[in-house]
file structure.cif (mmCIF, C-alpha atoms)
data_my_file
loop_
_atom_site.label_atom_id
_atom_site.label_comp_id
_atom_site.auth_asym_id
_atom_site.auth_seq_id
_atom_site.Cartn_x
_atom_site.Cartn_y
_atom_site.Cartn_z
CA MET A 1 144.12 43.38 98.50
CA ARG A 2 143.07 44.88 101.79
CA LEU A 3 145.67 47.59 101.50
CA ARG A 4 144.40 48.48 98.05
CA VAL A 5 140.88 48.78 99.44
CA TRP A 6 141.90 51.13 102.22
CA VAL A 7 143.99 53.21 99.88
CA LEU A 8 141.02 53.47 97.53
CA ILE A 9 138.75 54.48 100.39
CA ALA A 10 141.18 57.16 101.51
CA LEU A 11 141.69 58.51 98.00
CA LEU A 12 138.00 58.65 97.20
CA PHE A 13 137.26 60.23 100.57
CA VAL A 14 139.74 63.04 99.87
CA LEU A 15 138.59 63.41 96.28
CA HIS A 16 134.92 63.49 97.25
CA PHE A 17 135.31 66.26 99.78
CA MET A 18 137.75 68.14 97.60
CA LEU A 19 135.29 68.17 94.71
CA HIS A 20 132.14 68.75 96.72
CA VAL A 21 133.42 71.05 99.48
CA GLY A 22 136.80 72.34 98.34
CA PHE A 23 135.91 73.14 94.74
CA GLY A 24 132.18 73.54 95.37
CA PHE A 25 131.06 71.34 92.47
CA ALA A 26 128.11 70.03 94.52
CA ASP A 27 125.91 67.77 92.36
CA GLY A 28 128.27 68.19 89.43
CA ALA A 29 130.69 65.80 91.11
CA PRO A 30 129.83 62.13 91.66
CA ASP A 31 129.09 60.69 95.10
CA LEU A 32 132.49 59.11 95.52
CA LEU A 33 131.90 58.33 99.19
CA THR A 34 129.06 56.00 98.35
CA VAL A 35 130.99 54.49 95.45
CA SER A 36 133.99 53.77 97.62
CA LEU A 37 131.78 52.45 100.37
CA LEU A 38 129.96 50.09 98.02
CA LEU A 39 133.16 48.84 96.44
CA ALA A 40 134.85 48.36 99.81
CA ALA A 41 131.90 46.87 101.64
CA ARG A 42 132.21 43.62 99.73
CA GLU A 43 135.86 43.36 100.67
CA ILE A 44 136.15 44.36 104.30
CA GLY A 45 133.20 42.72 106.03
CA PHE A 46 130.18 43.91 107.98
CA GLY A 47 131.83 45.47 110.98
CA ARG A 48 134.44 47.53 109.20
CA ALA A 49 132.05 48.50 106.43
CA ALA A 50 129.53 49.72 108.98
CA ALA A 51 132.24 51.70 110.77
CA VAL A 52 133.40 53.30 107.55
CA GLY A 53 129.79 54.05 106.64
CA LEU A 54 129.16 55.69 110.00
CA ILE A 55 132.31 57.82 109.72
CA PHE A 56 131.46 58.90 106.19
CA GLY A 57 127.89 59.65 107.25
CA LEU A 58 129.02 61.70 110.21
CA LEU A 59 131.36 63.71 108.06
CA GLU A 60 128.58 64.52 105.64
CA ASP A 61 126.23 65.26 108.51
CA ALA A 62 128.77 67.72 109.90
CA LEU A 63 128.10 69.87 106.86
CA THR A 64 124.33 69.73 107.11
CA VAL A 65 122.37 72.06 109.27
CA LEU A 66 119.04 70.49 110.04
CA ALA A 67 119.12 66.79 109.24
CA PHE A 68 122.01 65.63 111.37
CA GLY A 69 122.16 61.83 111.48
CA ALA A 70 120.38 61.15 108.20
CA ASN A 71 123.60 60.56 106.33
CA SER A 72 124.99 58.47 109.15
CA ILE A 73 122.02 56.15 109.01
CA ALA A 74 121.98 56.01 105.22
CA MET A 75 125.67 55.30 104.87
CA THR A 76 125.77 52.74 107.65
CA LEU A 77 122.82 50.87 106.21
CA THR A 78 124.31 51.06 102.73
CA ALA A 79 127.59 49.67 104.01
CA ILE A 80 125.89 46.80 105.83
CA GLY A 81 123.72 46.11 102.80
CA GLY A 82 126.73 46.12 100.54
CA ALA A 83 128.57 43.70 102.78
CA PHE A 84 125.48 41.51 102.93
CA THR A 85 125.37 41.15 99.15
CA ARG A 86 128.60 39.22 99.37
CA ASP A 87 126.69 36.43 101.00
CA LEU A 88 123.91 36.60 98.45
CA PHE A 89 125.73 37.19 95.16
CA VAL A 90 129.11 36.12 93.99
CA GLY A 91 129.26 38.35 90.98
CA ASP A 92 132.22 39.38 88.95
CA SER A 93 130.45 40.46 85.83
CA ARG A 94 130.18 44.03 84.71
CA VAL A 95 126.41 43.81 84.64
CA PHE A 96 126.35 42.73 88.25
CA LEU A 97 128.71 45.50 89.25
CA VAL A 98 126.65 48.16 87.47
CA SER A 99 123.45 46.84 89.03
CA TYR A 100 125.08 46.69 92.41
CA LEU A 101 126.31 50.27 92.22
CA VAL A 102 123.07 51.65 90.80
CA ILE A 103 120.89 49.92 93.36
CA GLY A 104 123.30 50.67 96.19
CA LYS A 105 123.47 54.36 95.44
CA TRP A 106 119.76 54.60 94.80
CA ALA A 107 119.03 52.76 98.05
CA ARG A 108 121.34 55.10 99.92
CA ASP A 109 119.39 58.10 98.59
CA LEU A 110 116.11 56.46 99.48
CA VAL A 111 117.21 55.75 103.05
CA HIS A 112 118.49 59.29 103.35
CA TRP A 113 115.21 60.64 102.04
CA ILE A 114 113.37 58.69 104.66
CA ALA A 115 115.77 59.56 107.47
CA VAL A 116 115.68 63.26 106.77
CA GLY A 117 112.17 63.46 108.08
CA GLU A 118 108.89 64.62 106.68
CA GLY A 119 109.41 68.27 107.35
CA LEU A 120 112.69 68.59 105.43
CA ARG A 121 112.51 66.10 102.63
CA GLN A 122 111.96 67.06 99.01
CA PRO A 123 109.16 65.53 96.93
CA PHE A 124 109.74 61.80 96.42
CA VAL A 125 109.53 61.94 92.67
CA ASP A 126 112.05 64.72 92.38
CA GLN A 127 114.47 63.65 95.09
CA VAL A 128 114.42 59.88 94.81
CA LEU A 129 113.12 58.97 91.43
CA ILE A 130 114.69 61.63 89.27
CA GLN A 131 117.74 62.94 91.09
CA GLY A 132 118.31 59.59 92.76
CA ALA A 133 118.28 57.81 89.43
CA ILE A 134 120.62 60.28 87.83
CA GLY A 135 122.97 60.16 90.80
CA ALA A 136 122.88 56.37 90.75
CA GLY A 137 123.77 56.23 87.09
CA TYR A 138 126.59 58.75 87.60
CA ALA A 139 127.95 56.80 90.55
CA ALA A 140 127.75 53.54 88.64
CA LEU A 141 129.66 55.01 85.75
CA VAL A 142 132.42 56.26 88.00
CA GLY A 143 132.37 53.03 89.98
CA ILE A 144 132.84 50.94 86.87
CA VAL A 145 135.84 53.00 85.86
CA LEU A 146 137.32 52.73 89.34
CA ALA A 147 136.67 49.03 89.51
CA GLY A 148 138.36 48.58 86.17
CA LEU A 149 141.36 50.59 87.37
CA THR A 150 141.71 48.93 90.76
CA GLY A 151 140.33 45.45 90.14
CA LEU A 152 137.92 45.78 93.04
CA GLY A 153 134.43 44.32 92.67
CA ARG A 154 135.39 41.75 90.07
CA GLU A 155 137.30 39.56 92.44
CA ALA A 156 134.70 39.72 95.15
CA MET B 1 121.04 10.62 104.02
CA PRO B 2 122.95 13.49 105.35
CA THR B 3 121.07 16.50 106.40
CA TYR B 4 122.08 19.95 105.21
CA GLY B 5 121.70 22.99 107.29
CA ASN B 6 123.20 26.44 107.63
CA GLU B 7 126.92 26.46 108.01
CA PRO B 8 127.78 27.36 111.57
CA GLU B 9 128.98 30.96 111.73
CA THR B 10 132.44 31.50 112.93
CA ASN B 11 133.21 33.66 115.91
CA GLY B 12 134.66 36.24 113.59
CA ARG B 13 131.48 36.63 111.60
CA GLN B 14 129.39 36.76 114.73
CA ARG B 15 131.59 39.47 116.10
CA ASP B 16 131.30 41.26 112.77
CA PHE B 17 127.54 41.19 112.95
CA VAL B 18 127.58 42.44 116.50
CA VAL B 19 129.89 45.30 115.63
CA ALA B 20 127.76 46.21 112.62
CA GLY B 21 124.66 46.11 114.78
CA ILE B 22 126.24 48.37 117.39
CA ILE B 23 127.35 50.79 114.74
CA LEU B 24 123.90 50.83 113.19
CA VAL B 25 122.44 51.62 116.59
CA LEU B 26 124.99 54.41 116.97
CA ALA B 27 124.02 55.73 113.55
CA LEU B 28 120.37 55.73 114.50
CA PHE B 29 121.27 57.34 117.80
CA THR B 30 122.93 60.32 116.07
CA SER B 31 119.54 61.49 114.90
CA TYR B 32 118.36 61.70 118.47
CA LEU B 33 121.33 63.64 119.82
CA SER B 34 120.48 66.99 121.31
CA GLU B 35 120.99 69.97 119.05
CA ALA B 36 123.92 71.13 121.18
CA SER B 37 125.60 67.74 120.88
CA GLN B 38 125.02 67.65 117.16
CA GLN B 39 126.60 71.08 116.85
CA ARG B 40 129.61 70.00 118.93
CA VAL B 41 130.14 66.95 116.74
CA SER B 42 129.75 69.01 113.60
CA ALA B 43 132.11 71.69 114.86
CA ALA B 44 134.70 69.11 115.89
CA LEU B 45 134.63 67.47 112.47
CA GLN B 46 134.69 70.80 110.65
CA VAL B 47 137.79 72.01 112.46
CA SER B 48 139.61 68.70 112.13
CA VAL B 49 138.99 66.29 109.26
CA LEU B 50 137.01 68.67 107.08
CA ARG B 51 139.18 71.69 107.71
CA PRO B 52 141.46 71.29 104.66
CA PHE B 53 138.48 71.05 102.33
CA ILE B 54 136.70 74.01 103.85
CA ALA B 55 139.94 75.98 103.76
CA THR B 56 140.37 75.06 100.10
CA GLN B 57 136.94 76.44 99.34
CA ALA B 58 137.75 79.60 101.27
CA ARG B 59 140.98 80.02 99.34
CA LEU B 60 139.18 79.44 96.05
CA ALA B 61 136.57 82.02 96.98
CA ASP B 62 139.38 84.44 97.83
CA SER B 63 141.07 83.68 94.53
CA ARG B 64 137.86 84.30 92.61
CA LEU B 65 137.40 87.56 94.48
CA ARG B 66 140.99 88.55 93.74
CA ALA B 67 140.52 87.60 90.10
CA THR B 68 137.53 89.93 90.00
CA GLN B 69 139.55 92.60 91.73
CA ILE B 70 142.44 92.06 89.32
CA ASP B 71 140.07 92.65 86.40
CA SER B 72 138.90 95.81 88.07
CA LEU B 73 142.45 96.90 88.91
CA THR B 74 143.60 96.14 85.38
CA ALA B 75 140.82 98.33 84.03
CA GLU B 76 141.84 101.10 86.43
CA LEU B 77 145.50 100.64 85.46
CA ASP B 78 144.60 100.89 81.78
CA ALA B 79 142.63 104.06 82.47
CA LEU B 80 145.53 105.50 84.47
CA SER B 81 148.03 104.55 81.77
CA ALA B 82 145.90 106.26 79.17
CA MET B 83 145.61 109.27 81.43
CA MET B 84 149.36 109.33 82.10
CA SER B 85 150.20 109.00 78.42
CA THR B 86 148.13 112.07 77.67
CA HIS B 87 149.38 113.66 80.87
CA ALA B 88 152.95 113.70 79.57
CA ALA B 89 151.81 115.44 76.42
CA LEU B 90 149.78 117.88 78.46
CA VAL B 91 152.75 118.64 80.67
CA ASP B 92 154.89 119.28 77.63
CA GLU B 93 152.23 121.45 76.03
CA ASN B 94 151.71 123.27 79.32
CA ARG B 95 155.43 123.96 79.58
CA THR B 96 155.51 125.24 76.02
CA LEU B 97 152.56 127.52 76.61
CA ARG B 98 154.06 128.86 79.84
CA ASP B 99 157.30 129.56 78.04
CA LEU B 100 155.31 131.28 75.31
CA MET B 101 153.54 133.42 77.88
CA ASP B 102 156.89 134.39 79.35
CA LEU B 103 158.16 135.14 75.88
CA GLY B 104 155.02 137.13 75.09
CA ALA B 105 155.46 139.14 78.26
CA ARG B 106 159.00 139.99 77.23
CA ALA B 107 158.13 140.66 73.60
CA GLY B 108 155.41 143.15 74.41
CA THR B 109 152.32 143.43 72.23
CA ASN B 110 153.87 143.12 68.78
CA TYR B 111 153.27 139.47 68.21
CA GLN B 112 150.46 137.05 67.56
CA PRO B 113 150.23 133.69 69.28
CA ALA B 114 149.52 130.92 66.81
CA THR B 115 149.13 127.21 66.56
CA VAL B 116 151.27 125.36 64.05
CA LEU B 117 149.58 122.87 61.75
CA ARG B 118 151.54 120.61 59.48
CA PRO B 119 149.77 119.34 56.38
CA GLY B 120 151.73 116.10 56.39
CA THR B 121 151.24 115.59 52.69
CA ALA B 122 153.88 114.78 50.15
CA GLY B 123 155.85 117.88 49.21
CA SER B 124 154.75 119.84 52.24
CA GLU B 125 157.85 119.03 54.25
CA SER B 126 159.34 122.10 55.92
CA MET B 127 156.08 123.97 55.44
CA PHE B 128 153.54 124.74 58.10
CA LEU B 129 150.28 126.59 58.56
CA VAL B 130 149.55 129.04 61.32
CA ASP B 131 146.08 130.16 62.30
CA VAL B 132 146.86 133.86 62.07
CA GLY B 133 146.97 135.96 58.92
CA SER B 134 146.70 139.43 57.53
CA ASP B 135 143.69 140.07 59.74
CA HIS B 136 146.07 139.79 62.68
CA GLY B 137 148.74 142.06 61.25
CA ILE B 138 150.87 139.25 59.84
CA GLN B 139 152.95 140.03 56.76
CA ARG B 140 155.09 138.05 54.38
CA GLY B 141 158.49 137.59 55.98
CA SER B 142 157.22 137.81 59.57
CA PRO B 143 159.48 135.75 61.83
CA VAL B 144 157.96 132.77 63.56
CA VAL B 145 159.53 132.13 66.95
CA SER B 146 159.16 129.84 69.89
CA PRO B 147 160.40 130.27 73.45
CA GLN B 148 163.65 128.63 72.34
CA GLY B 149 164.26 130.71 69.27
CA LEU B 150 163.66 130.95 65.55
CA VAL B 151 161.29 128.45 63.96
CA GLY B 152 160.93 129.88 60.50
CA VAL B 153 159.40 132.65 58.48
CA ILE B 154 155.99 133.40 56.97
CA ARG B 155 155.90 132.97 53.20
CA GLU B 156 152.26 133.41 52.30
CA VAL B 157 149.68 135.44 54.12
CA ARG B 158 145.92 135.00 53.91
CA PRO B 159 143.23 136.79 55.88
CA GLY B 160 142.86 134.18 58.59
CA SER B 161 145.89 132.01 58.15
CA SER B 162 149.42 131.98 56.85
CA VAL B 163 151.89 129.56 55.39
CA GLY B 164 155.40 129.50 56.70
CA MET B 165 158.61 127.60 56.16
CA ASP B 166 160.89 126.40 58.89
CA TRP B 167 164.66 126.40 58.85
CA SER B 168 164.80 122.93 57.32
CA HIS B 169 163.54 124.32 54.02
CA PRO B 170 166.28 124.50 51.37
CA GLU B 171 165.48 128.13 50.68
CA PHE B 172 165.75 129.21 54.28
CA ARG B 173 168.33 131.90 54.92
CA ALA B 174 168.94 134.10 57.92
CA SER B 175 171.61 136.68 58.47
CA ALA B 176 173.23 135.71 61.77
CA MET B 177 175.96 136.50 64.22
CA LEU B 178 177.43 135.09 67.36
CA ALA B 179 175.53 136.21 70.44
CA ASP B 180 178.36 138.52 71.47
CA GLY B 181 178.15 140.24 68.07
CA THR B 182 181.76 139.55 67.13
CA THR B 183 181.29 137.36 64.06
CA TYR B 184 178.71 137.45 61.31
CA GLY B 185 177.58 134.93 58.76
CA MET B 186 174.60 133.42 57.03
CA VAL B 187 172.59 130.58 58.50
CA GLU B 188 171.22 128.21 55.93
CA ASN B 189 170.10 124.65 55.50
CA ARG B 190 172.58 122.11 54.21
CA ARG B 191 171.04 119.05 52.65
CA GLY B 192 172.23 115.65 53.61
CA ARG B 193 171.97 112.41 51.69
CA PHE B 194 168.70 111.87 53.46
CA ARG B 195 166.27 114.41 54.76
CA GLU B 196 167.09 113.31 58.30
CA GLU B 197 170.65 114.43 57.65
CA ASP B 198 169.67 118.02 56.83
CA ARG B 199 171.47 120.38 59.16
CA LEU B 200 171.83 124.06 59.85
CA VAL B 201 175.15 125.67 59.10
CA LEU B 202 176.61 129.04 59.78
CA ASN B 203 178.18 129.96 56.50
CA GLY B 204 180.54 132.76 55.57
CA VAL B 205 182.47 133.06 58.83
CA ALA B 206 185.79 134.78 58.38
CA TYR B 207 188.61 132.27 58.46
CA ASN B 208 190.51 133.84 61.33
CA GLU B 209 187.52 134.50 63.60
CA PRO B 210 187.72 132.28 66.70
CA VAL B 211 184.44 130.38 67.01
CA GLY B 212 184.21 127.81 69.77
CA PRO B 213 181.63 125.07 70.19
CA GLY B 214 178.50 125.89 72.14
CA ILE B 215 178.42 129.56 71.29
CA VAL B 216 174.91 130.77 70.60
CA VAL B 217 174.16 132.12 67.14
CA VAL B 218 171.38 134.70 66.83
CA THR B 219 169.86 136.68 64.02
CA SER B 220 171.90 139.74 63.21
CA GLY B 221 169.07 142.01 61.97
CA LEU B 222 170.88 142.71 58.70
CA GLY B 223 168.66 142.75 55.63
CA ASP B 224 165.58 143.70 57.61
CA VAL B 225 164.12 140.21 57.39
CA PHE B 226 164.59 139.10 60.99
CA PRO B 227 165.02 141.47 63.91
CA ARG B 228 168.29 141.25 65.76
CA GLY B 229 168.72 138.78 68.63
CA ILE B 230 166.51 135.74 67.86
CA PRO B 231 168.42 132.58 68.86
CA ILE B 232 168.95 130.14 65.99
CA GLY B 233 171.37 127.56 67.28
CA ARG B 234 174.64 126.73 68.94
CA ILE B 235 177.97 126.12 67.23
CA ASP B 236 178.42 122.36 66.93
CA GLY B 237 181.81 122.10 65.30
CA LEU B 238 183.54 122.96 62.07
CA ALA B 239 181.81 121.68 58.97
CA SER B 240 184.26 122.76 56.29
CA THR B 241 186.52 125.48 55.10
CA GLN B 242 186.72 127.24 51.76
CA GLY B 243 190.28 128.04 50.89
CA SER B 244 191.88 130.02 53.63
CA TRP B 245 189.34 132.78 53.90
CA LEU B 246 186.01 131.14 54.92
CA LYS B 247 184.73 128.65 57.45
CA ILE B 248 181.41 126.89 57.75
CA TYR B 249 180.17 125.62 61.14
CA TRP B 250 177.54 123.13 62.00
CA LEU B 251 174.76 124.46 64.19
CA GLU B 252 172.73 122.63 66.77
CA PRO B 253 169.28 124.20 66.21
CA MET B 254 167.48 125.80 69.11
CA VAL B 255 164.15 124.60 67.78
CA HIS B 256 163.34 121.31 66.17
CA PRO B 257 160.56 122.21 63.75
CA GLY B 258 158.56 119.08 64.44
CA SER B 259 158.27 119.92 68.12
CA ALA B 260 157.02 123.47 67.57
CA THR B 261 153.28 123.33 68.09
CA HIS B 262 152.61 126.76 69.60
CA VAL B 263 154.53 129.76 68.36
CA LEU B 264 154.54 133.52 68.23
CA VAL B 265 154.48 135.35 64.94
CA LEU B 266 156.14 138.73 65.20
CA THR B 267 154.32 141.56 63.49
CA SER B 268 155.79 144.41 61.48
CA GLU B 269 155.72 146.77 64.42
CA VAL B 270 158.21 144.70 66.34
CA SER B 271 161.40 146.36 67.43
CA PRO B 272 164.40 145.78 65.12
CA ASP B 273 166.32 144.48 68.13
CA VAL B 274 164.65 141.82 70.23
CA SER B 275 167.74 140.73 72.10
CA ASP B 276 166.07 141.52 75.39
CA VAL B 277 163.27 139.04 74.60
CA TRP B 278 165.77 136.19 74.82
CA PRO B 279 168.11 137.16 77.64
CA SER B 280 171.24 135.07 77.77
CA ASP B 281 170.13 133.16 80.83
CA SER B 282 166.94 132.01 79.14
CA ILE B 283 168.51 130.67 75.95
CA ARG B 284 168.24 126.93 75.70
CA THR B 285 167.42 124.37 73.09
CA GLY B 286 164.11 122.57 73.00
CA GLU B 287 165.71 119.42 74.39
CA GLU B 288 167.27 121.37 77.25
CA ALA B 289 163.94 122.98 77.99
CA ALA B 290 162.25 119.57 78.10
CA ARG B 291 164.93 118.30 80.48
CA GLY B 292 164.85 121.47 82.52
CA GLY B 293 168.46 122.11 81.59
CA PRO B 294 170.45 125.36 81.15
CA GLY B 295 168.45 128.50 81.28
CA SER B 296 165.53 126.97 83.10
#
call {"tool": "encode", "arguments": {"input": "structure.cif", "output": "structure tokens"}}
result
Amino acid sequence: MRLRVWVLIALLFVLHFMLHVGFGFADGAPDLLTVSLLLAAREIGFGRAAAVGLIFGLLEDALTVLAFGANSIAMTLTAIGGAFTRDLFVGDSRVFLVSYLVIGKWARDLVHWIAVGEGLRQPFVDQVLIQGAIGAGYAALVGIVLAGLTGLGREA
Amino acid sequence: MPTYGNEPETNGRQRDFVVAGIILVLALFTSYLSEASQQRVSAALQVSVLRPFIATQARLADSRLRATQIDSLTAELDALSAMMSTHAALVDENRTLRDLMDLGARAGTNYQPATVLRPGTAGSESMFLVDVGSDHGIQRGSPVVSPQGLVGVIREVRPGSSVGMDWSHPEFRASAMLADGTTYGMVENRRGRFREEDRLVLNGVAYNEPVGPGIVVVTSGLGDVFPRGIPIGRIDGLASTQGSWLKIYWLEPMVHPGSATHVLVLTSEVSPDVSDVWPSDSIRTGEEAARGGPGS
């Protein structure tokens, strides 16, 4: 199981950066880093999830110019939050998984919006409510498919 | 009654929490790194882990640029191809006109340059129009020549234009001789089963006259239709014999009528002997002229 998780993390990491950076799809591609982080966080525990979150955040921060650190904070907190849900919810239903992915992705965007700082952030309604909601739904859709393919999430 | 409390956390979970806490602090700390440190971290990640993805984007951008350039190059290639296709025709026309100018210089002033037009309608095979007529001194029976030799003869003359027939017409006849003047005969068209099989023959050659292949046949000047010395063709083998007194030879024509686009029409004042207009070293068929072969 653990091996499958790490393989999934590696695959989604490569795919995410290939789609976003390599092919330049930007918002057209789903946030696979967050999806993989959320799916893995419930499997690998707090410490490892936080480490993966920090690494993912740093990698995304490396491609930003002005808000270095915002992604690191957002991804680390998302990873810790995801791992924490394991203690709160033992869910294997599809509804739970969708809710988990939607809230997790939306929370990640909210934390990022806050961490970016007042001078750089976009309007809350646009960035968090509208784009955040759309991104959360997109991520949940992809996450459901991935969970169905890999079996992750259900067994947690 | 037993009391229930929180399950004691294992050492592993405690360590997990501690690690997560440290990492969270590190994550928060990244925001407070100096700008130089942030740039170093970014640069290090960009040239290591992120390098393949950035390189992929660079390659894609290059590919898109090349695709754009390929479209542009293809358009240029198409334009060049179109230009070259017309260029070949221009070169050929240019060569023909230069040859005509040379011929005109040799023929003197007793000729009219003309452009050949072919109606292309049913029944107009072997006929052509030229844009010179009686206004230019053209008469019925005026020879039509090209730099390679005889094309045909004018049959109808109008003020500004004339109608001629080329040697592929069934009624075409020309009194001819070998270029050295030793043997005489009559050049005429011999019909084949198909029009493409029509050929020129030199008819009426005395049976015992030695005629070898490749010898040039020119107009003889007899009958006052064509002046003496216009190349018609080359001997291309024995076609047939009639009894033991007559031979007929195939001729390879000097001029293929379809390729004659610019010609000279000789006027009535032309000398009865134009042998000097086609000196022996300039005689060549149209194909040889195009290849730059003998006589060039």
call {"tool": "closest_residue", "arguments": {"input": "structure.cif", "among": "A:Ser72, A:Thr78, A:Ser93, A:Ser36", "to": "chain B", "atoms": "all atoms listed in the file"}}
result
A:Ser72
call {"tool": "residues_around", "arguments": {"input": "structure.cif", "residues": "Gly204 (chain B)", "least_positions_apart": "4", "cutoff": "8 Å", "atoms": "all atoms listed in the file", "output": "VMD selection string"}}
result
chain B and resid 184 to 186 246 to 248
call {"tool": "atom_distance", "arguments": {"input": "structure.cif", "atom1": "CA of Leu110 (chain A)", "atom2": "CA of Phe56 (chain A)"}}
result
16.9 Å
call {"tool": "closest_residue", "arguments": {"input": "structure.cif", "among": "B:Ile235, B:Leu251, B:Ile215, B:Ile23", "to": "Asn189 (chain B)", "atoms": "all atoms listed in the file"}}
result
B:Leu251
call {"tool": "residues_near_point", "arguments": {"input": "structure.cif", "point": "(150.1, 135.0, 64.2)", "cutoff": "8 Å", "atoms": "only C-alpha atoms", "output": "compact mmCIF listing (two decimals) with C-alpha atoms, keeping the file's coordinate frame"}}
result
# COMPACT_ATOMS: atom_id res chain seq x y z
CA TYR B 111 153.27 139.47 68.21
CA GLN B 112 150.46 137.05 67.56
CA PRO B 113 150.23 133.69 69.28
CA ALA B 114 149.52 130.92 66.81
CA VAL B 130 149.55 129.04 61.32
CA ASP B 131 146.08 130.16 62.30
CA VAL B 132 146.86 133.86 62.07
CA GLY B 133 146.97 135.96 58.92
CA HIS B 136 146.07 139.79 62.68
CA GLY B 137 148.74 142.06 61.25
CA ILE B 138 150.87 139.25 59.84
CA SER B 161 145.89 132.01 58.15
CA SER B 162 149.42 131.98 56.85
CA LEU B 264 154.54 133.52 68.23
CA VAL B 265 154.48 135.35 64.94
CA LEU B 266 156.14 138.73 65.20
CA THR B 267 154.32 141.56 63.49
call {"tool": "closest_atom_pairs", "arguments": {"input": "structure.cif", "of": "chain B", "to": "chain A", "cutoff": "6 Å", "atoms": "all atoms listed in the file", "output": "CSV"}}
result
residue,atom,partner,partner_atom,distance
B:Asp16,CA,A:Gly47,CA,4.6
B:Val19,CA,A:Gly47,CA,5.0
B:Ala20,CA,A:Gly47,CA,4.4
B:Ala27,CA,A:Ile73,CA,5.0
B:Leu28,CA,A:Ile73,CA,5.7
B:Thr30,CA,A:Gly69,CA,4.9
B:Ser31,CA,A:Gly69,CA,4.3
B:Ser42,CA,A:Ala62,CA,4.0
B:Phe53,CA,A:Gly22,CA,4.5
B:Ile54,CA,A:Gly22,CA,5.8
B:Thr56,CA,A:Gly22,CA,4.8
B:Gln57,CA,A:Gly22,CA,4.2
call {"tool": "resolve_selection", "arguments": {"input": "structure.cif", "expression": "the PyMOL selection byres ((chain A and resi 102) around 9)", "output": "MDAnalysis selection string"}}
result
chainID A and resid 97:101 103:107 133 135:141
call {"tool": "closest_residue", "arguments": {"input": "structure.cif", "among": "A:Trp6, A:Phe13, A:Trp113, A:Phe96", "to": "Pro30 (chain A)", "atoms": "all atoms listed in the file"}}
result
A:Phe13
call {"tool": "closest_residue", "arguments": {"input": "structure.cif", "among": "B:Glu125, B:Asp78, B:Asp71, B:Asp99", "to": "Gly258 (chain B)", "atoms": "only C-alpha atoms"}}
result
B:Glu125
call {"tool": "resolve_selection", "arguments": {"input": "structure.cif", "expression": "the PyMOL selection byres ((chain B and resi 228) around 8)", "output": "JSON, numbers by chain"}}
result
{"B": [218, 219, 220, 221, 222, 226, 227, 229, 230, 272, 273, 274, 275]}
call {"tool": "residues_around", "arguments": {"input": "structure.cif", "residues": "Asp198 (chain B)", "least_positions_apart": "5", "cutoff": "9 Å", "atoms": "all atoms listed in the file", "output": "list in words"}}
result
Ser168, Asn189, Arg190, Arg191, Gly192 and Arg193 of chain B
call {"tool": "write_last_selection", "arguments": {"input": "structure.cif", "atoms": "C-alpha atoms", "output": "PDB file, keeping the file's coordinate frame"}}
result
ATOM      1  CA  SER B 168     164.800 122.930  57.320  1.00  0.00           C
ATOM      2  CA  ASN B 189     170.100 124.650  55.500  1.00  0.00           C
ATOM      3  CA  ARG B 190     172.580 122.110  54.210  1.00  0.00           C
ATOM      4  CA  ARG B 191     171.040 119.050  52.650  1.00  0.00           C
ATOM      5  CA  GLY B 192     172.230 115.650  53.610  1.00  0.00           C
ATOM      6  CA  ARG B 193     171.970 112.410  51.690  1.00  0.00           C
TER       7      ARG B 193
END
call {"tool": "atom_distance", "arguments": {"input": "structure.cif", "atom1": "CA of Thr241 (chain B)", "atom2": "CA of Glu197 (chain B)"}}
result
19.5 Å
call {"tool": "atom_distance", "arguments": {"input": "structure.cif", "atom1": "CA of Ala179 (chain B)", "atom2": "CA of Val211 (chain B)"}}
result
11.2 Å
call {"tool": "resolve_selection", "arguments": {"input": "structure.cif", "expression": "the PyMOL selection byres ((chain B and resi 148) around 9)", "output": "list in words"}}
result
Asp99, Val145, Ser146, Pro147, Gly149, Leu150, Val151, Ile230, Pro231, Ile232, Met254, Val255, Trp278, Ser282, Ile283, Arg284, Thr285, Gly286 and Ala289 of chain B
call {"tool": "closest_residue", "arguments": {"input": "structure.cif", "among": "A:Gly28, A:Gly119, A:Gly132, A:Gly82", "to": "Arg42 (chain A)", "atoms": "only C-alpha atoms"}}
result
A:Gly82
call {"tool": "axis_aligned_box", "arguments": {"input": "structure.cif", "around": "region 64-76 of chain A", "padding_each_side": "8 Å", "output": "AutoDock Vina command-line options"}}
result
--center_x 122.4 --center_y 62.4 --center_z 108.2 --size_x 22.7 --size_y 35.3 --size_z 22.6
